[in-house]
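Below: protein_14.cif (mmCIF, N, CA and C atoms)
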```
data_protein
loop_
_atom_site.label_atom_id
_atom_site.label_comp_id
_atom_site.auth_asym_id
_atom_site.auth_seq_id
_atom_site.Cartn_x
_atom_site.Cartn_y
_atom_site.Cartn_z
N MET U 1429 0.86 -1.17 0.00
CA MET U 1429 0.00 0.00 0.00
C MET U 1429 0.90 1.23 0.00
N ALA U 1430 0.68 2.12 -0.95
CA ALA U 1430 1.52 3.31 -1.08
C ALA U 1430 1.13 4.34 -0.03
N GLY U 1431 2.13 4.99 0.54
CA GLY U 1431 1.88 6.04 1.52
C GLY U 1431 1.59 7.36 0.83
N ARG U 1432 1.10 8.30 1.58
CA ARG U 1432 0.76 9.60 1.03
C ARG U 1432 1.99 10.45 0.82
N GLY U 1433 3.08 10.10 1.47
CA GLY U 1433 4.30 10.88 1.29
C GLY U 1433 4.35 12.07 2.23
N LYS U 1434 5.43 12.79 2.12
CA LYS U 1434 5.66 13.95 2.98
C LYS U 1434 4.77 15.10 2.53
N LYS U 1435 4.25 15.83 3.50
CA LYS U 1435 3.41 16.99 3.18
C LYS U 1435 4.27 18.07 2.55
N LYS U 1436 3.68 18.74 1.56
CA LYS U 1436 4.36 19.83 0.86
C LYS U 1436 4.59 20.98 1.84
N GLU U 1437 5.80 21.44 1.89
CA GLU U 1437 6.12 22.59 2.74
C GLU U 1437 5.75 23.87 1.99
N ILE U 1438 5.22 24.84 2.72
CA ILE U 1438 4.93 26.12 2.09
C ILE U 1438 5.76 27.19 2.79
N THR U 1439 6.09 28.20 2.05
CA THR U 1439 6.93 29.26 2.59
C THR U 1439 6.07 30.25 3.39
N ALA U 1440 6.73 31.06 4.17
CA ALA U 1440 6.03 32.10 4.93
C ALA U 1440 5.34 33.07 3.98
N ALA U 1441 5.98 33.36 2.84
CA ALA U 1441 5.38 34.26 1.86
C ALA U 1441 4.11 33.66 1.27
N GLU U 1442 4.12 32.35 0.99
CA GLU U 1442 2.92 31.69 0.47
C GLU U 1442 1.80 31.72 1.50
N MET U 1443 2.14 31.47 2.76
CA MET U 1443 1.12 31.49 3.81
C MET U 1443 0.52 32.88 3.95
N LYS U 1444 1.37 33.89 3.88
CA LYS U 1444 0.90 35.27 4.00
C LYS U 1444 -0.04 35.61 2.84
N ARG U 1445 0.30 35.15 1.65
CA ARG U 1445 -0.55 35.40 0.48
C ARG U 1445 -1.89 34.68 0.62
N ALA U 1446 -1.86 33.42 1.07
CA ALA U 1446 -3.10 32.67 1.27
C ALA U 1446 -3.97 33.34 2.35
N GLU U 1447 -3.33 33.82 3.41
CA GLU U 1447 -4.07 34.51 4.47
C GLU U 1447 -4.71 35.79 3.94
N LYS U 1448 -4.00 36.48 3.04
CA LYS U 1448 -4.54 37.70 2.44
C LYS U 1448 -5.81 37.38 1.66
N PHE U 1449 -5.79 36.28 0.90
CA PHE U 1449 -6.98 35.87 0.16
C PHE U 1449 -8.12 35.55 1.11
N ALA U 1450 -7.84 34.83 2.18
CA ALA U 1450 -8.87 34.48 3.16
C ALA U 1450 -9.43 35.72 3.83
N ARG U 1451 -8.58 36.69 4.11
CA ARG U 1451 -9.01 37.94 4.75
C ARG U 1451 -9.95 38.72 3.85
N LYS U 1452 -9.84 38.48 2.53
CA LYS U 1452 -10.77 39.10 1.57
C LYS U 1452 -12.07 38.31 1.46
N GLY U 1453 -12.12 37.15 2.11
CA GLY U 1453 -13.34 36.35 2.11
C GLY U 1453 -13.35 35.21 1.12
N HIS U 1454 -12.23 34.94 0.45
CA HIS U 1454 -12.17 33.83 -0.50
C HIS U 1454 -12.34 32.49 0.22
N GLN U 1455 -13.02 31.57 -0.45
CA GLN U 1455 -13.22 30.24 0.10
C GLN U 1455 -12.05 29.33 -0.26
N THR U 1456 -12.01 28.16 0.36
CA THR U 1456 -10.89 27.23 0.23
C THR U 1456 -10.56 26.88 -1.22
N GLY U 1457 -11.56 26.51 -2.00
CA GLY U 1457 -11.31 26.13 -3.39
C GLY U 1457 -10.70 27.27 -4.20
N THR U 1458 -11.17 28.48 -3.96
CA THR U 1458 -10.64 29.64 -4.68
C THR U 1458 -9.20 29.89 -4.28
N ILE U 1459 -8.90 29.79 -2.99
CA ILE U 1459 -7.53 30.01 -2.52
C ILE U 1459 -6.59 28.98 -3.14
N CYS U 1460 -7.00 27.71 -3.14
CA CYS U 1460 -6.16 26.65 -3.75
C CYS U 1460 -5.90 26.97 -5.22
N GLU U 1461 -6.92 27.38 -5.92
CA GLU U 1461 -6.77 27.70 -7.34
C GLU U 1461 -5.80 28.87 -7.53
N LEU U 1462 -5.98 29.93 -6.76
CA LEU U 1462 -5.12 31.11 -6.88
C LEU U 1462 -3.67 30.81 -6.49
N MET U 1463 -3.50 29.90 -5.54
CA MET U 1463 -2.15 29.57 -5.07
C MET U 1463 -1.48 28.48 -5.92
N GLY U 1464 -2.25 27.82 -6.78
CA GLY U 1464 -1.70 26.73 -7.57
C GLY U 1464 -1.55 25.44 -6.78
N TRP U 1465 -2.35 25.30 -5.71
CA TRP U 1465 -2.31 24.11 -4.89
C TRP U 1465 -3.38 23.13 -5.37
N ALA U 1466 -3.21 21.87 -5.02
CA ALA U 1466 -4.22 20.85 -5.30
C ALA U 1466 -5.51 21.23 -4.59
N HIS U 1467 -6.65 20.83 -5.14
CA HIS U 1467 -7.94 21.24 -4.59
C HIS U 1467 -8.15 20.78 -3.14
N ASN U 1468 -7.47 19.71 -2.72
CA ASN U 1468 -7.64 19.22 -1.35
C ASN U 1468 -6.46 19.59 -0.44
N PHE U 1469 -5.58 20.45 -0.93
CA PHE U 1469 -4.37 20.77 -0.17
C PHE U 1469 -4.69 21.34 1.21
N ILE U 1470 -5.60 22.29 1.28
CA ILE U 1470 -5.93 22.94 2.55
C ILE U 1470 -6.68 21.97 3.47
N GLU U 1471 -7.58 21.16 2.91
CA GLU U 1471 -8.32 20.22 3.74
C GLU U 1471 -7.41 19.21 4.42
N ASP U 1472 -6.30 18.88 3.75
CA ASP U 1472 -5.34 17.92 4.32
C ASP U 1472 -4.39 18.56 5.32
N ARG U 1473 -4.48 19.86 5.51
CA ARG U 1473 -3.56 20.57 6.40
C ARG U 1473 -4.35 21.36 7.45
N PRO U 1474 -4.68 20.74 8.58
CA PRO U 1474 -5.48 21.43 9.59
C PRO U 1474 -4.83 22.71 10.11
N ASP U 1475 -3.49 22.77 10.12
CA ASP U 1475 -2.82 23.98 10.58
C ASP U 1475 -3.13 25.16 9.66
N ILE U 1476 -3.10 24.93 8.37
CA ILE U 1476 -3.41 25.98 7.40
C ILE U 1476 -4.89 26.31 7.44
N ARG U 1477 -5.72 25.27 7.48
CA ARG U 1477 -7.17 25.47 7.51
C ARG U 1477 -7.58 26.35 8.69
N LYS U 1478 -6.97 26.11 9.84
CA LYS U 1478 -7.30 26.89 11.04
C LYS U 1478 -6.91 28.36 10.87
N ARG U 1479 -5.73 28.60 10.30
CA ARG U 1479 -5.29 29.99 10.10
C ARG U 1479 -6.18 30.72 9.10
N LEU U 1480 -6.58 30.03 8.04
CA LEU U 1480 -7.43 30.67 7.04
C LEU U 1480 -8.83 30.91 7.57
N THR U 1481 -9.32 30.01 8.40
CA THR U 1481 -10.63 30.20 9.05
C THR U 1481 -10.59 31.46 9.92
N LYS U 1482 -9.49 31.65 10.63
CA LYS U 1482 -9.34 32.84 11.46
C LYS U 1482 -9.33 34.11 10.60
N MET U 1483 -8.67 34.05 9.46
CA MET U 1483 -8.62 35.21 8.56
C MET U 1483 -10.01 35.53 8.01
N ARG U 1484 -10.79 34.49 7.72
CA ARG U 1484 -12.17 34.72 7.25
C ARG U 1484 -13.02 35.35 8.35
N ALA U 1485 -12.76 34.97 9.59
CA ALA U 1485 -13.47 35.60 10.71
C ALA U 1485 -13.12 37.08 10.79
N TRP U 1486 -11.85 37.40 10.57
CA TRP U 1486 -11.44 38.80 10.55
C TRP U 1486 -12.12 39.55 9.40
N HIS U 1487 -12.28 38.88 8.28
CA HIS U 1487 -12.99 39.48 7.13
C HIS U 1487 -14.42 39.87 7.54
N LYS U 1488 -15.10 38.96 8.21
CA LYS U 1488 -16.47 39.26 8.66
C LYS U 1488 -16.48 40.39 9.67
N ASP U 1489 -15.49 40.43 10.53
CA ASP U 1489 -15.39 41.53 11.49
C ASP U 1489 -15.16 42.85 10.77
N ASP U 1490 -14.35 42.83 9.71
CA ASP U 1490 -14.13 44.04 8.92
C ASP U 1490 -15.44 44.56 8.33
N ILE U 1491 -16.27 43.64 7.83
CA ILE U 1491 -17.56 44.05 7.27
C ILE U 1491 -18.42 44.70 8.34
N ARG U 1492 -18.47 44.07 9.51
CA ARG U 1492 -19.27 44.65 10.61
C ARG U 1492 -18.73 46.02 11.02
N SER U 1493 -17.42 46.19 11.05
CA SER U 1493 -16.83 47.49 11.39
C SER U 1493 -17.19 48.53 10.35
N ASP U 1494 -17.14 48.14 9.07
CA ASP U 1494 -17.54 49.07 8.00
C ASP U 1494 -19.00 49.47 8.14
N GLN U 1495 -19.85 48.51 8.45
CA GLN U 1495 -21.27 48.81 8.63
C GLN U 1495 -21.48 49.81 9.78
N GLU U 1496 -20.76 49.60 10.87
CA GLU U 1496 -20.88 50.48 12.03
C GLU U 1496 -20.38 51.89 11.69
N ARG U 1497 -19.26 51.97 10.97
CA ARG U 1497 -18.72 53.27 10.58
C ARG U 1497 -19.70 54.01 9.67
N ILE U 1498 -20.27 53.30 8.71
CA ILE U 1498 -21.23 53.92 7.79
C ILE U 1498 -22.49 54.34 8.55
N ARG U 1499 -22.93 53.52 9.48
CA ARG U 1499 -24.13 53.86 10.26
C ARG U 1499 -23.94 55.17 11.01
N LYS U 1500 -22.74 55.38 11.53
CA LYS U 1500 -22.47 56.59 12.31
C LYS U 1500 -22.29 57.82 11.44
N THR U 1501 -21.80 57.65 10.21
CA THR U 1501 -21.46 58.82 9.39
C THR U 1501 -22.41 59.10 8.25
N ASP U 1502 -23.24 58.15 7.87
CA ASP U 1502 -24.07 58.30 6.68
C ASP U 1502 -25.55 58.30 7.05
N GLY U 1503 -25.97 59.33 7.74
CA GLY U 1503 -27.36 59.38 8.17
C GLY U 1503 -28.32 59.91 7.13
N LYS U 1504 -27.80 60.49 6.04
CA LYS U 1504 -28.66 61.11 5.04
C LYS U 1504 -28.63 60.32 3.75
N GLY U 1505 -29.62 59.49 3.54
CA GLY U 1505 -29.69 58.72 2.31
C GLY U 1505 -28.75 57.53 2.33
N ILE U 1506 -28.81 56.76 1.28
CA ILE U 1506 -27.99 55.57 1.19
C ILE U 1506 -26.92 55.80 0.13
N SER U 1507 -25.69 55.77 0.53
CA SER U 1507 -24.58 55.94 -0.40
C SER U 1507 -24.22 54.57 -1.00
N ALA U 1508 -23.31 54.60 -1.97
CA ALA U 1508 -22.85 53.34 -2.58
C ALA U 1508 -22.16 52.47 -1.53
N ALA U 1509 -21.39 53.08 -0.63
CA ALA U 1509 -20.71 52.31 0.42
C ALA U 1509 -21.72 51.64 1.34
N ALA U 1510 -22.77 52.37 1.68
CA ALA U 1510 -23.80 51.79 2.56
C ALA U 1510 -24.53 50.65 1.86
N THR U 1511 -24.79 50.82 0.58
CA THR U 1511 -25.44 49.77 -0.20
C THR U 1511 -24.59 48.51 -0.23
N MET U 1512 -23.28 48.69 -0.42
CA MET U 1512 -22.36 47.55 -0.45
C MET U 1512 -22.30 46.88 0.92
N ALA U 1513 -22.29 47.66 1.98
CA ALA U 1513 -22.25 47.10 3.33
C ALA U 1513 -23.51 46.27 3.61
N ILE U 1514 -24.65 46.74 3.12
CA ILE U 1514 -25.89 46.00 3.29
C ILE U 1514 -25.82 44.69 2.51
N PHE U 1515 -25.35 44.77 1.25
CA PHE U 1515 -25.22 43.58 0.41
C PHE U 1515 -24.30 42.55 1.06
N GLN U 1516 -23.13 42.99 1.53
CA GLN U 1516 -22.19 42.07 2.16
C GLN U 1516 -22.76 41.47 3.43
N GLY U 1517 -23.46 42.27 4.20
CA GLY U 1517 -24.08 41.77 5.42
C GLY U 1517 -25.06 40.65 5.14
N LYS U 1518 -25.86 40.83 4.10
CA LYS U 1518 -26.85 39.80 3.76
C LYS U 1518 -26.19 38.56 3.19
N ASN U 1519 -25.20 38.74 2.32
CA ASN U 1519 -24.62 37.61 1.61
C ASN U 1519 -23.49 36.91 2.35
N GLU U 1520 -22.76 37.62 3.20
CA GLU U 1520 -21.62 37.01 3.87
C GLU U 1520 -21.83 36.82 5.36
N LEU U 1521 -22.70 37.61 5.95
CA LEU U 1521 -22.92 37.50 7.39
C LEU U 1521 -24.28 36.91 7.74
N GLY U 1522 -25.10 36.65 6.74
CA GLY U 1522 -26.41 36.06 7.00
C GLY U 1522 -27.41 37.03 7.60
N GLN U 1523 -27.18 38.32 7.44
CA GLN U 1523 -28.10 39.30 7.98
C GLN U 1523 -29.34 39.39 7.09
N ALA U 1524 -30.44 39.88 7.65
CA ALA U 1524 -31.68 40.01 6.89
C ALA U 1524 -32.37 41.30 7.29
N ASP U 1525 -33.19 41.81 6.38
CA ASP U 1525 -33.98 42.99 6.70
C ASP U 1525 -35.01 42.64 7.75
N LYS U 1526 -35.25 43.57 8.66
CA LYS U 1526 -36.28 43.37 9.66
C LYS U 1526 -37.59 43.84 9.04
N GLN U 1527 -38.57 42.97 9.02
CA GLN U 1527 -39.86 43.32 8.44
C GLN U 1527 -40.91 43.28 9.53
N GLU U 1528 -41.67 44.37 9.59
CA GLU U 1528 -42.74 44.47 10.57
C GLU U 1528 -44.06 44.67 9.85
N THR U 1529 -45.09 44.12 10.39
CA THR U 1529 -46.43 44.34 9.86
C THR U 1529 -47.24 45.03 10.95
N VAL U 1530 -47.76 46.19 10.60
CA VAL U 1530 -48.55 46.96 11.56
C VAL U 1530 -49.97 47.05 11.03
N LEU U 1531 -50.90 46.63 11.83
CA LEU U 1531 -52.31 46.72 11.46
C LEU U 1531 -52.92 47.91 12.19
N SER U 1532 -53.73 48.66 11.46
CA SER U 1532 -54.40 49.78 12.10
C SER U 1532 -55.85 49.81 11.63
N GLY U 1533 -56.65 50.54 12.33
CA GLY U 1533 -58.05 50.65 11.97
C GLY U 1533 -58.91 49.68 12.75
N VAL U 1534 -60.14 49.59 12.34
CA VAL U 1534 -61.12 48.75 13.02
C VAL U 1534 -61.17 47.40 12.34
N VAL U 1535 -61.16 46.38 13.13
CA VAL U 1535 -61.28 45.02 12.61
C VAL U 1535 -62.72 44.58 12.82
N GLU U 1536 -63.38 44.24 11.71
CA GLU U 1536 -64.78 43.84 11.80
C GLU U 1536 -64.88 42.33 11.62
N HIS U 1537 -65.75 41.74 12.37
CA HIS U 1537 -66.03 40.31 12.25
C HIS U 1537 -67.34 40.15 11.51
N VAL U 1538 -67.33 39.32 10.52
CA VAL U 1538 -68.55 39.08 9.75
C VAL U 1538 -68.99 37.64 10.03
N VAL U 1539 -70.25 37.50 10.39
CA VAL U 1539 -70.81 36.18 10.64
C VAL U 1539 -71.70 35.82 9.46
N VAL U 1540 -71.43 34.69 8.88
CA VAL U 1540 -72.21 34.24 7.72
C VAL U 1540 -73.05 33.05 8.14
N ASN U 1541 -74.32 33.16 7.90
CA ASN U 1541 -75.23 32.07 8.18
C ASN U 1541 -75.53 31.39 6.86
N PHE U 1542 -74.97 30.20 6.66
CA PHE U 1542 -75.12 29.51 5.39
C PHE U 1542 -76.58 29.11 5.11
N ALA U 1543 -77.36 28.93 6.13
CA ALA U 1543 -78.77 28.60 5.93
C ALA U 1543 -79.47 29.77 5.24
N ASP U 1544 -79.13 31.00 5.60
CA ASP U 1544 -79.73 32.18 4.97
C ASP U 1544 -79.30 32.28 3.51
N ILE U 1545 -78.07 31.92 3.21
CA ILE U 1545 -77.59 31.98 1.83
C ILE U 1545 -78.33 30.98 0.98
N LYS U 1546 -78.52 29.76 1.48
CA LYS U 1546 -79.24 28.73 0.72
C LYS U 1546 -80.69 29.15 0.49
N LEU U 1547 -81.31 29.78 1.52
CA LEU U 1547 -82.68 30.25 1.38
C LEU U 1547 -82.75 31.34 0.31
N ALA U 1548 -81.77 32.23 0.29
CA ALA U 1548 -81.76 33.30 -0.72
C ALA U 1548 -81.55 32.73 -2.11
N GLU U 1549 -80.76 31.70 -2.24
CA GLU U 1549 -80.55 31.07 -3.54
C GLU U 1549 -81.83 30.44 -4.04
N LYS U 1550 -82.59 29.80 -3.14
CA LYS U 1550 -83.86 29.17 -3.54
C LYS U 1550 -84.87 30.23 -3.99
N VAL U 1551 -84.90 31.34 -3.28
CA VAL U 1551 -85.84 32.42 -3.64
C VAL U 1551 -85.47 32.97 -5.00
N ASN U 1552 -84.20 33.13 -5.27
CA ASN U 1552 -83.74 33.68 -6.57
C ASN U 1552 -84.00 32.72 -7.71
N GLU U 1553 -84.03 31.43 -7.45
CA GLU U 1553 -84.28 30.44 -8.49
C GLU U 1553 -85.71 30.47 -8.95
N THR U 1554 -86.63 30.83 -8.11
CA THR U 1554 -88.04 30.79 -8.47
C THR U 1554 -88.54 32.05 -9.10
#
```
Go ahead and render the structure in this file as structure tokens.
Amino acid sequence: MAGRGKKKEITAAEMKRAEKFARKGHQTGTICELMGWAHNFIEDRPDIRKRLTKMRAWHKDDIRSDQERIRKTDGKGISAAATMAIFQGKNELGQADKQETVLSGVVEHVVVNFADIKLAEKVNET
């Protein structure tokens, strides 16, 4: 039975580049493609996977920080930056719009007596 062999060593520069991609929010397959690594390279290396997961967490924190900054400074209308922050929040952070339904006015209850309807139908038939 053939062994898997020695794990490929990566340089500090390669790790830094991969972390930069993860910090931008790239997923594992994209990072492997950009780095020229085999598609399962990161999955086979828990040390790298853990570091990249941490970088993706920082990416999400960056989005939240941007949203907070925009919330504090952009009170008049929605700018392009605010629109992008909303889009990223929904697509990368799982955020959703809060929807409320408010009912106003008088609510009327209508009681229908089906016997009266049948009687009216008979009268109309004759």
Which one is closest to Arg1492 (chain U): U:Gln1516, U:Thr1456, U:Asn1541, U:Gln1527? Count only C-alpha atoms.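 Checking each of U:Gln1516, U:Thr1456, U:Asn1541, U:Gln1527 against Arg1492 (chain U), counting only C-alpha atoms, the winner is U:Gln1516.
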Written as a list in words, what is the full residue list that the PyMOL selection byres (((chain U and resi 1446 and name CA) around 9) and name CA) yields on the file shown?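 Residues picked by the PyMOL selection byres (((chain U and resi 1446 and name CA) around 9) and name CA): Ala1441, Glu1442, Met1443, Lys1444, Arg1445, Glu1447, Lys1448, Phe1449, Ala1450, Arg1451, Ile1459, Cys1460, Leu1462, Met1463 and Leu1480 of chain U.
Here atom C of Ile1438 (chain U) stands at a distance of 10.7 Å from atom N of Ile1476 (chain U).
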With distances taken over only C-alpha atoms, which of U:His1487, U:His1454, U:Lys1435, U:Arg1499 is nearest to Pro1474 (chain U)?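 Between U:His1487, U:His1454, U:Lys1435, U:Arg1499, the residue approaching Pro1474 (chain U) most closely is U:Lys1435.
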Would you compute the distance between atom N of Leu1521 (chain U) and CA of Thr1458 (chain U)? Give it in Å to one decimal.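 Pair atom N of Leu1521 (chain U) / CA of Thr1458 (chain U) returns 17.9 Å.
We find CA of Thr1529 (chain U) and CA of Gln1495 (chain U) to be spaced 25.6 Å apart.
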Region 1512-1523 of chain U, all listed atoms, 3 Å padding on each side: what axis-aligned box centre and edge lengths in Å to one decimal come out, as JSON?
```
{"center_x": -25.5, "center_y": 42.4, "center_z": 3.8, "size_x": 13.7, "size_y": 18.6, "size_z": 14.4}
```
Find the residue from U:Val1539, U:Thr1481, U:Ile1491, U:Ile1498 that sits nearest to Gly1517 (chain U); use all atoms listed in the file when measuring.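 Checking each candidate against Gly1517 (chain U), we get U:Ile1491 as the closest.
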Can you list, as a count of residues only, every residue of chain U that DSSP puts in helix (DSSP H, G or I)? 73
Extract region 1477-1488 of chain U from the preceding block and save N, CA and C atoms as a PDB file, in the first residue's frame.
```pdb
ATOM      1  N   ARG U1477      -5.720  25.274   7.481  1.00  0.00           N
ATOM      2  CA  ARG U1477      -7.173  25.468   7.511  1.00  0.00           C
ATOM      3  C   ARG U1477      -7.577  26.355   8.691  1.00  0.00           C
ATOM      4  N   LYS U1478      -6.968  26.113   9.844  1.00  0.00           N
ATOM      5  CA  LYS U1478      -7.296  26.888  11.042  1.00  0.00           C
ATOM      6  C   LYS U1478      -6.908  28.362  10.869  1.00  0.00           C
ATOM      7  N   ARG U1479      -5.735  28.603  10.305  1.00  0.00           N
ATOM      8  CA  ARG U1479      -5.285  29.988  10.096  1.00  0.00           C
ATOM      9  C   ARG U1479      -6.180  30.716   9.100  1.00  0.00           C
ATOM     10  N   LEU U1480      -6.580  30.034   8.042  1.00  0.00           N
ATOM     11  CA  LEU U1480      -7.427  30.665   7.036  1.00  0.00           C
ATOM     12  C   LEU U1480      -8.835  30.914   7.572  1.00  0.00           C
ATOM     13  N   THR U1481      -9.325  30.006   8.403  1.00  0.00           N
ATOM     14  CA  THR U1481     -10.630  30.204   9.045  1.00  0.00           C
ATOM     15  C   THR U1481     -10.593  31.462   9.918  1.00  0.00           C
ATOM     16  N   LYS U1482      -9.489  31.647  10.626  1.00  0.00           N
ATOM     17  CA  LYS U1482      -9.339  32.841  11.460  1.00  0.00           C
ATOM     18  C   LYS U1482      -9.327  34.106  10.600  1.00  0.00           C
ATOM     19  N   MET U1483      -8.667  34.046   9.459  1.00  0.00           N
ATOM     20  CA  MET U1483      -8.623  35.205   8.563  1.00  0.00           C
ATOM     21  C   MET U1483     -10.015  35.527   8.011  1.00  0.00           C
ATOM     22  N   ARG U1484     -10.795  34.485   7.720  1.00  0.00           N
ATOM     23  CA  ARG U1484     -12.171  34.717   7.248  1.00  0.00           C
ATOM     24  C   ARG U1484     -13.024  35.351   8.348  1.00  0.00           C
ATOM     25  N   ALA U1485     -12.761  34.969   9.587  1.00  0.00           N
ATOM     26  CA  ALA U1485     -13.471  35.597  10.711  1.00  0.00           C
ATOM     27  C   ALA U1485     -13.119  37.081  10.794  1.00  0.00           C
ATOM     28  N   TRP U1486     -11.854  37.397  10.570  1.00  0.00           N
ATOM     29  CA  TRP U1486     -11.440  38.805  10.548  1.00  0.00           C
ATOM     30  C   TRP U1486     -12.117  39.548   9.405  1.00  0.00           C
ATOM     31  N   HIS U1487     -12.285  38.881   8.279  1.00  0.00           N
ATOM     32  CA  HIS U1487     -12.991  39.481   7.131  1.00  0.00           C
ATOM     33  C   HIS U1487     -14.415  39.873   7.535  1.00  0.00           C
ATOM     34  N   LYS U1488     -15.101  38.964   8.213  1.00  0.00           N
ATOM     35  CA  LYS U1488     -16.467  39.255   8.657  1.00  0.00           C
ATOM     36  C   LYS U1488     -16.480  40.392   9.666  1.00  0.00           C
TER      37      LYS U1488
END
```
